[in-house]
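Text of start-v2.txt (compact mmCIF, C-alpha atoms and all ligand atoms) as supplied:
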# COMPACT_ATOMS: atom_id res chain seq x y z
CA MET A 183 50.94 179.20 -69.03
CA SER A 184 50.36 176.89 -66.12
CA GLU A 185 47.09 174.99 -66.00
CA VAL A 186 44.35 176.03 -63.59
CA PRO A 187 44.52 173.55 -60.68
CA LYS A 188 41.61 171.14 -60.65
CA ALA A 189 39.75 169.34 -57.92
CA THR A 190 40.26 165.58 -57.64
CA LEU A 191 37.50 163.17 -56.66
CA TYR A 192 38.71 159.93 -55.09
CA THR A 193 36.02 157.38 -55.71
CA PHE A 194 35.17 153.72 -56.29
CA ASP A 195 32.45 152.39 -58.59
CA GLY A 196 31.11 149.90 -56.04
CA SER A 197 30.97 152.40 -53.18
CA VAL A 198 27.64 153.55 -51.72
CA TRP A 199 28.64 157.04 -50.68
CA ALA A 200 31.00 157.78 -53.58
CA SER A 201 27.94 157.27 -55.80
CA ALA A 202 26.42 160.45 -54.33
CA PRO A 203 29.04 162.86 -55.81
CA ARG A 204 29.06 160.81 -59.01
CA LEU A 205 25.31 161.45 -59.35
CA ALA A 206 25.92 165.11 -58.48
CA LEU A 207 28.53 165.57 -61.22
CA VAL A 208 25.97 164.52 -63.84
CA GLU A 209 23.05 166.42 -62.30
CA LYS A 210 25.13 169.61 -62.09
CA GLY A 211 26.38 169.25 -65.65
CA TYR A 212 30.08 169.05 -64.84
CA ALA A 213 32.21 168.21 -67.88
CA SER A 214 34.59 165.25 -67.57
CA SER A 215 37.48 167.73 -67.91
CA ASP A 216 36.32 169.80 -64.89
CA ILE A 217 37.42 167.36 -62.19
CA ASP A 218 40.09 164.66 -62.08
CA ILE A 219 38.70 161.29 -61.04
CA LYS A 220 40.92 158.80 -59.22
CA THR A 221 39.81 155.29 -58.31
CA VAL A 222 40.62 153.88 -54.88
CA ASP A 223 39.87 150.16 -55.12
CA LEU A 224 38.14 149.30 -51.86
CA VAL A 225 38.03 145.57 -52.71
CA LYS A 226 41.84 145.64 -52.88
CA ALA A 227 41.87 147.74 -49.65
CA GLU A 228 43.77 150.56 -51.40
CA ASN A 229 42.04 152.96 -49.00
CA PHE A 230 44.36 151.65 -46.28
CA ASP A 231 47.55 152.61 -48.13
CA PRO A 232 49.55 155.16 -46.11
CA SER A 233 49.60 157.37 -49.23
CA TYR A 234 45.78 157.52 -49.22
CA LEU A 235 45.59 158.02 -45.44
CA ARG A 236 47.71 161.14 -45.93
CA ILE A 237 44.87 162.49 -48.11
CA ASN A 238 41.98 161.26 -45.96
CA SER A 239 42.90 160.13 -42.46
CA LYS A 240 39.58 158.23 -42.20
CA GLY A 241 40.55 155.99 -45.12
CA THR A 242 37.14 156.34 -46.76
CA VAL A 243 35.78 157.38 -50.13
CA PRO A 244 34.58 159.74 -51.39
CA THR A 245 37.24 162.40 -50.88
CA LEU A 246 37.24 165.64 -52.83
CA VAL A 247 40.59 167.46 -52.88
CA VAL A 248 40.03 171.07 -53.88
CA PRO A 249 42.53 173.82 -54.69
CA LEU A 250 42.43 176.78 -52.34
CA LEU A 251 41.70 179.64 -54.67
CA GLU A 252 43.64 182.34 -52.86
CA THR A 253 46.92 180.52 -53.47
CA THR A 254 46.63 180.02 -57.21
CA SER A 255 48.82 182.95 -58.25
CA ALA A 256 51.86 181.88 -60.30
CA GLU A 257 54.38 182.51 -57.49
CA VAL A 258 52.68 180.47 -54.81
CA ALA A 259 52.50 176.70 -55.02
CA THR A 260 48.82 175.76 -54.97
CA LYS A 261 47.54 174.52 -51.65
CA PHE A 262 44.80 171.93 -51.46
CA ARG A 263 42.14 170.99 -48.94
CA ALA A 264 40.56 167.55 -48.62
CA ILE A 265 36.81 167.30 -48.04
CA THR A 266 36.17 163.85 -46.58
CA ASP A 267 32.46 163.81 -45.85
CA THR A 268 29.83 163.04 -48.50
CA LYS A 269 27.42 165.75 -47.35
CA ALA A 270 30.11 168.45 -47.46
CA ILE A 271 31.38 167.19 -50.84
CA LEU A 272 27.90 167.49 -52.37
CA GLU A 273 27.47 170.99 -50.95
CA PHE A 274 30.82 171.98 -52.43
CA LEU A 275 29.98 170.52 -55.85
CA ASP A 276 26.61 172.27 -55.77
CA LYS A 277 28.09 175.70 -54.94
CA SER A 278 31.07 175.42 -57.30
CA ARG A 279 28.98 175.10 -60.37
CA ARG A 280 26.09 177.44 -59.84
CA ALA A 281 26.29 179.01 -63.29
CA SER A 282 27.07 177.85 -66.82
CA ALA A 283 29.91 180.37 -67.02
CA VAL A 284 32.13 178.05 -64.99
CA SER A 285 32.91 175.99 -68.07
CA GLY A 286 33.20 179.17 -70.15
CA ASP A 287 30.35 177.91 -72.31
CA GLU A 288 27.60 180.51 -72.15
CA ALA A 289 25.31 178.35 -74.28
CA ALA A 290 25.39 175.48 -71.77
CA ALA A 291 22.26 175.01 -69.69
CA PRO A 292 22.65 176.66 -66.27
CA ALA A 293 23.41 174.19 -63.53
CA PRO A 294 20.40 173.56 -61.30
CA ILE A 295 20.77 174.59 -57.66
CA LEU A 296 20.41 171.46 -55.57
CA ALA A 297 20.54 173.06 -52.10
CA PRO A 298 17.10 173.68 -50.57
CA ALA A 299 15.87 177.24 -51.10
CA THR A 300 14.12 177.75 -47.76
CA ILE A 301 14.90 177.23 -44.07
CA GLU A 302 12.05 174.70 -43.81
CA GLY A 303 13.38 172.89 -46.87
CA LYS A 304 16.86 172.78 -45.35
CA ALA A 305 15.49 171.27 -42.12
CA VAL A 306 13.71 168.51 -44.07
CA SER A 307 16.78 167.94 -46.24
CA ASP A 308 19.11 167.70 -43.21
CA GLU A 309 16.74 165.25 -41.52
CA ILE A 310 16.56 162.98 -44.58
CA ILE A 311 20.35 163.01 -44.98
CA ARG A 312 20.83 162.31 -41.26
CA LEU A 313 18.40 159.37 -41.42
CA VAL A 314 20.15 157.56 -44.28
CA HIS A 315 23.67 158.19 -42.90
CA ASP A 316 22.79 156.93 -39.41
CA ALA A 317 25.14 154.19 -38.20
CA SER A 318 22.16 151.96 -37.32
CA VAL A 319 21.30 151.60 -41.04
CA ASP A 320 24.85 151.50 -42.43
CA PRO A 321 24.48 149.99 -45.93
CA ASN A 322 28.12 148.86 -45.90
CA PHE A 323 27.52 146.79 -42.76
CA LEU A 324 24.39 145.24 -44.31
CA LEU A 325 26.40 144.14 -47.35
CA LEU A 326 28.81 142.26 -45.08
CA GLY A 327 26.28 141.17 -42.45
CA ALA A 328 24.37 137.88 -42.40
CA ARG A 329 21.11 136.98 -40.67
CA SER A 330 21.99 133.31 -40.36
CA GLU A 331 24.92 130.94 -40.67
CA ALA A 332 23.61 129.91 -44.11
CA GLU A 333 23.69 133.54 -45.27
CA LEU A 334 27.18 133.92 -43.88
CA ASN A 335 28.38 130.85 -45.77
CA ALA A 336 26.95 132.22 -49.02
CA ALA A 337 28.56 135.63 -48.32
CA LYS A 338 31.93 134.00 -47.64
CA GLY A 339 31.97 132.61 -51.17
CA GLY A 340 31.09 135.95 -52.77
CA LEU A 341 32.22 139.58 -52.78
CA PRO A 342 31.75 140.08 -49.00
CA GLY A 343 34.15 137.21 -48.30
CA THR A 344 36.78 138.62 -50.66
CA PHE A 345 36.30 142.09 -49.19
CA VAL A 346 36.65 141.06 -45.52
CA THR A 347 39.66 138.82 -46.27
CA ASN A 348 41.48 141.41 -48.39
CA ARG A 349 40.92 144.14 -45.83
CA ASN A 350 42.17 141.97 -43.00
CA ASN A 351 45.27 140.91 -44.95
CA ALA A 352 46.03 144.49 -45.99
CA LEU A 353 45.68 145.83 -42.44
CA LEU A 354 47.91 143.09 -41.01
CA ALA A 355 50.51 143.65 -43.75
CA HIS A 356 50.62 147.43 -43.18
CA ALA A 357 50.86 146.94 -39.42
CA ARG A 358 53.70 144.38 -39.83
CA GLU A 359 55.57 146.68 -42.18
CA LEU A 360 55.44 149.46 -39.60
CA GLU A 361 56.61 147.11 -36.85
CA SER A 362 59.63 145.98 -38.85
CA GLY A 363 60.60 149.29 -40.47
CA SER A 364 61.97 152.24 -38.54
CA ALA A 365 60.65 155.75 -38.90
CA SER A 366 62.03 157.44 -42.00
CA LYS A 367 65.14 159.53 -41.64
CA ALA A 368 65.57 163.22 -42.34
CA PHE A 369 67.82 164.31 -45.25
CA ASP A 370 70.96 164.37 -43.05
CA GLY A 371 70.32 160.82 -41.83
CA SER A 372 69.23 161.85 -38.34
CA ALA A 373 65.92 160.59 -36.95
CA ASN A 374 63.17 162.85 -38.18
CA PRO A 375 60.96 163.62 -35.15
CA LYS A 376 58.03 164.56 -37.36
CA SER A 377 58.14 161.35 -39.36
CA SER A 378 58.54 159.22 -36.24
CA ALA A 379 55.35 160.80 -34.87
CA ILE A 380 53.62 159.99 -38.16
CA HIS A 381 54.93 156.44 -37.88
CA GLU A 382 53.46 156.06 -34.39
CA ASN A 383 50.14 157.55 -35.47
CA LEU A 384 49.93 155.14 -38.39
CA LYS A 385 50.66 152.19 -36.09
CA LYS A 386 47.78 153.29 -33.86
CA TRP A 387 45.55 153.81 -36.87
CA TYR A 388 46.07 150.25 -38.11
CA ALA A 389 45.66 148.80 -34.60
CA ASN A 390 42.33 150.64 -34.16
CA LYS A 391 41.12 149.63 -37.60
CA ILE A 392 42.00 145.97 -37.01
CA GLU A 393 40.08 146.19 -33.72
CA SER A 394 37.04 147.77 -35.42
CA GLN A 395 37.00 144.89 -37.95
CA ALA A 396 37.34 142.18 -35.30
CA LEU A 397 33.72 140.99 -35.40
CA LEU A 398 33.73 140.55 -39.20
CA THR A 399 37.18 138.99 -39.21
CA SER A 400 36.28 136.54 -36.41
CA ALA A 401 33.04 135.53 -38.15
CA TYR A 402 34.34 135.34 -41.73
CA VAL A 403 37.98 134.36 -41.38
CA ASN A 404 38.17 132.50 -38.07
CA GLY A 405 34.64 131.00 -38.07
CA ASP A 406 34.28 131.91 -34.39
CA ALA A 407 30.85 130.73 -33.14
CA ALA A 408 30.29 133.61 -30.70
CA ALA A 409 31.20 136.17 -33.39
CA ILE A 410 28.83 134.50 -35.87
CA ALA A 411 26.00 134.69 -33.31
CA GLN A 412 26.78 138.36 -32.64
CA LEU A 413 26.98 139.15 -36.37
CA THR A 414 23.63 137.51 -37.15
CA GLN A 415 21.98 139.39 -34.28
CA ALA A 416 23.46 142.73 -35.37
CA THR A 417 22.42 142.12 -38.99
CA THR A 418 18.83 141.26 -38.03
CA ALA A 419 18.75 144.42 -35.90
CA GLY A 420 20.17 146.41 -38.86
CA TRP A 421 17.39 145.30 -41.23
CA LYS A 422 14.78 146.10 -38.56
CA ALA A 423 16.29 149.60 -38.26
CA VAL A 424 16.09 149.97 -42.06
CA GLY A 425 12.34 149.30 -41.84
CA GLU A 426 12.00 151.96 -39.14
CA THR A 427 14.05 154.46 -41.15
CA LEU A 428 11.90 153.82 -44.24
CA ALA A 429 8.80 154.55 -42.15
CA LYS A 430 10.34 157.85 -40.98
CA LEU A 431 11.43 158.75 -44.52
CA GLU A 432 7.85 158.16 -45.64
CA THR A 433 6.69 160.96 -43.32
CA VAL A 434 9.32 163.51 -44.43
CA VAL A 435 9.76 162.85 -48.16
CA GLN A 436 7.53 165.32 -50.01
CA GLY A 437 7.16 163.52 -53.36
CA PRO A 438 7.70 163.06 -56.19
CA PHE A 439 11.29 163.79 -55.09
CA ALA A 440 12.61 164.24 -51.54
CA LEU A 441 11.78 167.95 -51.34
CA GLY A 442 9.05 168.16 -53.99
CA ASP A 443 8.98 168.63 -57.74
CA GLN A 444 12.71 169.30 -58.22
CA ILE A 445 15.54 166.98 -57.32
CA SER A 446 17.79 168.21 -54.52
CA LEU A 447 20.83 167.19 -52.49
CA ALA A 448 18.68 164.92 -50.28
CA ASP A 449 17.77 162.70 -53.27
CA LEU A 450 21.46 162.23 -54.00
CA HIS A 451 21.90 160.70 -50.53
CA VAL A 452 18.72 158.59 -50.48
CA ILE A 453 19.29 156.97 -53.88
CA PRO A 454 22.73 155.41 -53.13
CA TRP A 455 21.43 154.14 -49.78
CA LEU A 456 18.37 152.54 -51.39
CA ALA A 457 20.41 151.23 -54.32
CA ARG A 458 22.79 149.36 -52.01
CA LEU A 459 20.01 147.97 -49.82
CA GLY A 460 18.12 146.92 -52.95
CA ALA A 461 21.24 145.24 -54.32
CA VAL A 462 21.86 143.32 -51.09
CA ALA A 463 18.19 142.30 -50.85
CA THR A 464 18.21 141.15 -54.49
CA GLY A 465 21.18 138.94 -53.67
CA LEU A 466 19.33 137.48 -50.67
CA THR A 467 15.99 136.80 -52.37
CA GLY A 468 16.96 136.17 -55.99
CA ASP A 469 14.09 138.48 -57.06
CA LYS A 470 15.32 140.94 -59.72
CA ASP A 471 13.10 143.83 -58.54
CA PRO A 472 15.15 145.67 -55.88
CA LEU A 473 12.22 147.18 -53.97
CA ALA A 474 10.21 143.93 -54.02
CA SER A 475 13.34 142.20 -52.70
CA LEU A 476 13.74 144.84 -50.04
CA ASN A 477 10.12 144.34 -48.96
CA ALA A 478 10.67 140.59 -48.80
CA VAL A 479 13.74 141.01 -46.57
CA LEU A 480 12.03 143.63 -44.39
CA GLY A 481 8.80 141.64 -44.13
CA ALA A 482 10.21 139.51 -41.32
CA SER A 483 10.41 142.55 -39.05
CA GLY A 484 7.30 144.30 -40.37
CA GLY A 485 9.08 146.99 -42.42
CA LYS A 486 8.29 148.04 -45.97
CA VAL A 487 9.06 150.58 -48.67
CA GLY A 488 6.26 153.17 -48.61
CA GLU A 489 4.66 154.89 -51.60
CA LYS A 490 6.61 158.16 -51.30
CA VAL A 491 9.98 156.42 -51.19
CA ARG A 492 8.95 154.07 -54.00
CA GLY A 493 7.90 157.10 -56.09
CA LEU A 494 11.20 158.86 -55.40
CA TRP A 495 13.10 155.74 -56.51
CA THR A 496 10.98 155.20 -59.64
CA ASN A 497 11.23 158.83 -60.73
CA PHE A 498 14.94 159.14 -60.02
CA SER A 499 15.85 155.89 -61.74
CA GLU A 500 14.69 157.41 -65.05
CA ARG A 501 17.37 160.09 -64.88
CA PRO A 502 20.60 160.08 -66.92
CA SER A 503 22.64 160.46 -63.70
CA PHE A 504 21.16 157.20 -62.37
CA LYS A 505 21.88 155.45 -65.66
CA THR A 506 25.49 156.69 -65.59
CA VAL A 507 26.15 155.51 -62.05
CA TYR A 508 23.98 152.37 -61.94
CA GLY A 509 23.91 151.37 -65.63
CA ASP A 510 25.99 148.28 -64.89
CA GLY A 511 23.78 147.27 -61.96
CA LEU A 512 23.05 148.40 -58.43
CA HIS A 513 25.86 148.39 -55.89
N1 LIG B 1 30.68 159.33 -43.26
C1 LIG B 1 31.40 159.08 -44.48
C2 LIG B 1 31.34 157.60 -44.80
C3 LIG B 1 32.05 157.22 -46.07
C4 LIG B 1 32.19 155.72 -46.15
O1 LIG B 1 31.87 154.98 -45.21
N2 LIG B 1 32.66 155.25 -47.29
C5 LIG B 1 32.85 153.83 -47.48
C6 LIG B 1 32.50 153.46 -48.91
S1 LIG B 1 30.78 153.74 -49.27
C7 LIG B 1 34.32 153.51 -47.29
O2 LIG B 1 35.18 154.18 -47.81
N3 LIG B 1 34.62 152.46 -46.54
C8 LIG B 1 35.95 152.00 -46.36
C9 LIG B 1 36.26 151.73 -44.93
O3 LIG B 1 35.51 152.18 -44.05
O4 LIG B 1 37.24 151.06 -44.72
C10 LIG B 1 30.78 159.90 -45.59
O5 LIG B 1 29.56 160.14 -45.55
O6 LIG B 1 31.50 160.31 -46.48

Here is the file; what I need is its structure written in the form of structure tokens.
Ligand SMILES: N[C@@H](CCC(=O)N[C@@H](CS)C(=O)NCC(=O)O)C(=O)O
Amino acid sequence: MSEVPKATLYTFDGSVWASAPRLALVEKGYASSDIDIKTVDLVKAENFDPSYLRINSKGTVPTLVVPLLETTSAEVATKFRAITDTKAILEFLDKSRRASAVSGDEAAAPAPILAPATIEGKAVSDEIIRLVHDASVDPNFLLLGARSEAELNAAKGGLPGTFVTNRNNALLAHARELESGSASKAFDGSANPKSSAIHENLKKWYANKIESQALLTSAYVNGDAAAIAQLTQATTAGWKAVGETLAKLETVVQGPFALGDQISLADLHVIPWLARLGAVATGLTGDKDPLASLNAVLGASGGKVGEKVRGLWTNFSERPSFKTVYGDGLH
């Protein structure tokens, strides 16, 4: 008997947004055998491999590849669909395990429903998720950003430096490989029009990605003075925006969790965002308490972590899901 096709989660332990489905798997009570987990090492820039871009053309994690149920009969090869957006992945994981019967274990506790139950709740949830995913408060940029030349020099010697350098080298190497190699041939040796189109698309993809990384590359790798000035300005603006977003979150978070007494999908987006910002702030201040560090970093632009958000963090950090994902430290 052939095995039931499983979903695969492409993830990375140090990733902000891949932490959201990892929290969800624990909160929903998924067993480790329910979903295959594959690591895409972002520090080694594995997300830029052509083989990964075929799965997720954005080259980001998380990705959840799910079997399409209607094609699972024995005669038809199973088809798969890739979900490449964190919000959609969490919604899928929430719906797919609504009842304990999924694992065939009737004695297992029923999985909690994490989607908001009311229209008003959904509006609040969507707003919270939109706020923390906004490009102006991108936690990945704030990891790599620097508010001063001194901060940039410290970052160069640490993980951000390795990350920017590895990404740049990987992108240049992939682009070079495409320049030198010809498009793959069809079985009969003739030029395969489909693969040559793929080849051209990949070339464009790498060119665009290199362009989108130009500011970081110029500041970190080339030490370009204008790029450093632009990076420090953008980073200072980013932290100011974080303060403003925290103030908005304070008005929409219900307490003790995002939507009230029960955890919900919104918490699973807020926690990874706060965890990363807390980790970066801890690195900048040397203070072990992530929220105190965050307040210290935000202080310069008048921002702070309010009581509702602090309560959400404190309550959530007691949960087994948090300990599973952040047991080795915040990232
Ligand atoms: N909008 C996407 C963003 C995902 C994302 O930015 N993931 C980061 C890791 S937390 C990533 O893969 N970055 C790699 C890159 O952009 O090269 C989502 O919400 O899923």

Ligand LIG 1 (chain B): which residues are within 6 Å, counting all atoms listed in the file, as an NGL selection string?
-> :A and (197-200 or 241-244 or 266-268)

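The smallest atom-to-atom distance between Ile219 in chain A and any of A:Gly425, A:Pro294, A:Pro203, A:Pro249, using all atoms listed in the file, is found for A:Pro203.
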
Excluding Val346 in chain A and any residue of its chain fewer than 3 positions from it, enumerate the residues within 9 Å of it, using all atoms listed in the file, and give them as a PyMOL selection string.
-> chain A and resi 225+326+338+341-343+349-351+395+398-399+402-403

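When all atoms listed in the file are used to measure the gap to Ser446 in chain A, the shortest distance among A:Ala337, A:Leu512, A:Ile217, A:Leu494 belongs to A:Leu494.
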
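Excluding Thr467 in chain A itself and same-chain residues fewer than 5 positions from it, the residues having an atom within 10 Å of it are Val462, Pro472, Ala474, Ser475, Leu476, Ala478 and Val479 of chain A, counting only C-alpha atoms.
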
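Using all atoms listed in the file, the smallest distance between any of A:Asn238, A:Lys386, A:Phe194, A:Ala448 and Asp308 in chain A comes from A:Ala448.
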
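Minimum atom-to-atom distances from A:Leu353, A:Leu456, A:Leu191, A:Leu447 to Lys385 in chain A were compared using only C-alpha atoms, and the lowest value belongs to A:Leu353.
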
Grab the CA of Gly420 in chain A to CA of Gly493 in chain A distance for me, in Å with one decimal place.
-> 23.7 Å

Of the listed residues A:Gly196, A:Pro232, A:Pro454, A:Pro438, that which approaches His315 in chain A most closely, counting all atoms listed in the file | A:Pro454

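Considering the residues A:Asp231, A:Glu426, A:Glu209, A:Asp216 and counting all atoms listed in the file, Trp387 in chain A has its shortest atom-to-atom contact with A:Asp231.
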
Give me, please, the distance in Å between CA of Asn348 in chain A and CA of Ala227 in chain A, quoted to one decimal.
-> 6.5 Å

Starting from the point (25.6, 137.3, -31.9), work out which residues of protein, DNA or RNA have an atom no more than 12 Å away when counting all atoms listed in the file; state them as a PyMOL selection string.
-> chain A and resi 327-331+397-398+400-401+406-419

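Distance-wise, CA of Thr300 in chain A and CA of Gly488 in chain A end up 25.8 Å apart.
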